[in-house]
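Engineer: Dropping the structure in here first, questions after.
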Amino acid sequence: MSQLAATVAESRRPVASFFVHARAEPGVLPRVLELFAKRGLVPSAFHSRTFGPEDADLTIDIQMPGLDRGTVDYIAAGMRQIASVEAVLTARG
């Protein structure tokens, strides 16, 4: 398969989006990313930002192509078990 064909095929895979809201504490980011790393996955995009009074809140936006619905739900459930995580929303498209 040519590089162009591989790129086109990659762009057609469904992309799962994870939107996480948490308290801004040092252990949150590595614990969220660990859920991908222990499955040998590297997200295609990752962005985090603190906000609110004294930057006490944290949002994390992660994009991961190629996950089936069951895996998305399983990873999201793992995120919800992390101390300081207040909400996790997912989308797949």
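Chain labels run A, B, ... following the order of the structure tokens; each chain numbers its residues from 1, and ligands are numbered from 1 in the order shown.
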Taking the backbone alone, and naming residues the way the document does, which bits of chain A are helix (DSSP H, G or I) by DSSP, as JSON, numbers by chain?
Structural biologist: {"A": [3, 4, 5, 6, 7, 8, 9, 10, 11, 12, 28, 29, 30, 31, 32, 33, 34, 35, 36, 37, 53, 54, 55, 69, 70, 71, 72, 73, 74, 75, 76, 77, 78, 79, 80]}
Engineer: Could you give me, as a PyMOL selection string, the residues within 12 Å of Phe51 of chain A, counting only C-alpha atoms and dropping anything in the same chain fewer than 2 positions from it?
Structural biologist: chain A and resi 21-24+48-49+53-60
Engineer: List as an MDAnalysis selection string the protein and nucleic acid residues near segment 73-79 of chain A, meaning an atom at most 10 Å away when only C-alpha atoms are counted, but skip any in the same chain fewer than 2 places from it.
Structural biologist: chainID A and resid 18:20 28 31:36 67:71 81:90
Engineer: Please indicate the distance in Å from atom CA of Glu25 of chain A to atom CA of Pro65 of chain A, rounded to one decimal place.
Structural biologist: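 Value for the atom CA of Glu25 of chain A-atom CA of Pro65 of chain A distance: 27.3 Å.
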Engineer: For the structure I just gave you, how does DSSP split segment 41-71 of chain A - specifically, which residues are strand (DSSP E)? Reply as a PyMOL selection string.
Structural biologist: chain A and resi 45-51+57-65
Engineer: Could you tell me how far atom CA of Ile62 of chain A sits from atom CA of Leu29 of chain A, in Å to one decimal place?
Structural biologist: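 Spanning atom CA of Leu29 of chain A to atom CA of Ile62 of chain A is a straight-line distance of 11.2 Å.
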Engineer: A:Pro43, A:Gly52, A:Pro14, A:Pro26: which is nearest Met64 of chain A, counting only C-alpha atoms?
Structural biologist: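 Closest candidate: A:Pro43.
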Engineer: Tell me which of A:Pro30, A:Arg80, A:Arg92, A:Thr50 sits closest to Gly66 of chain A, counting only C-alpha atoms.
Structural biologist: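 That would be A:Arg92, the residue with the smallest distance to Gly66 of chain A.
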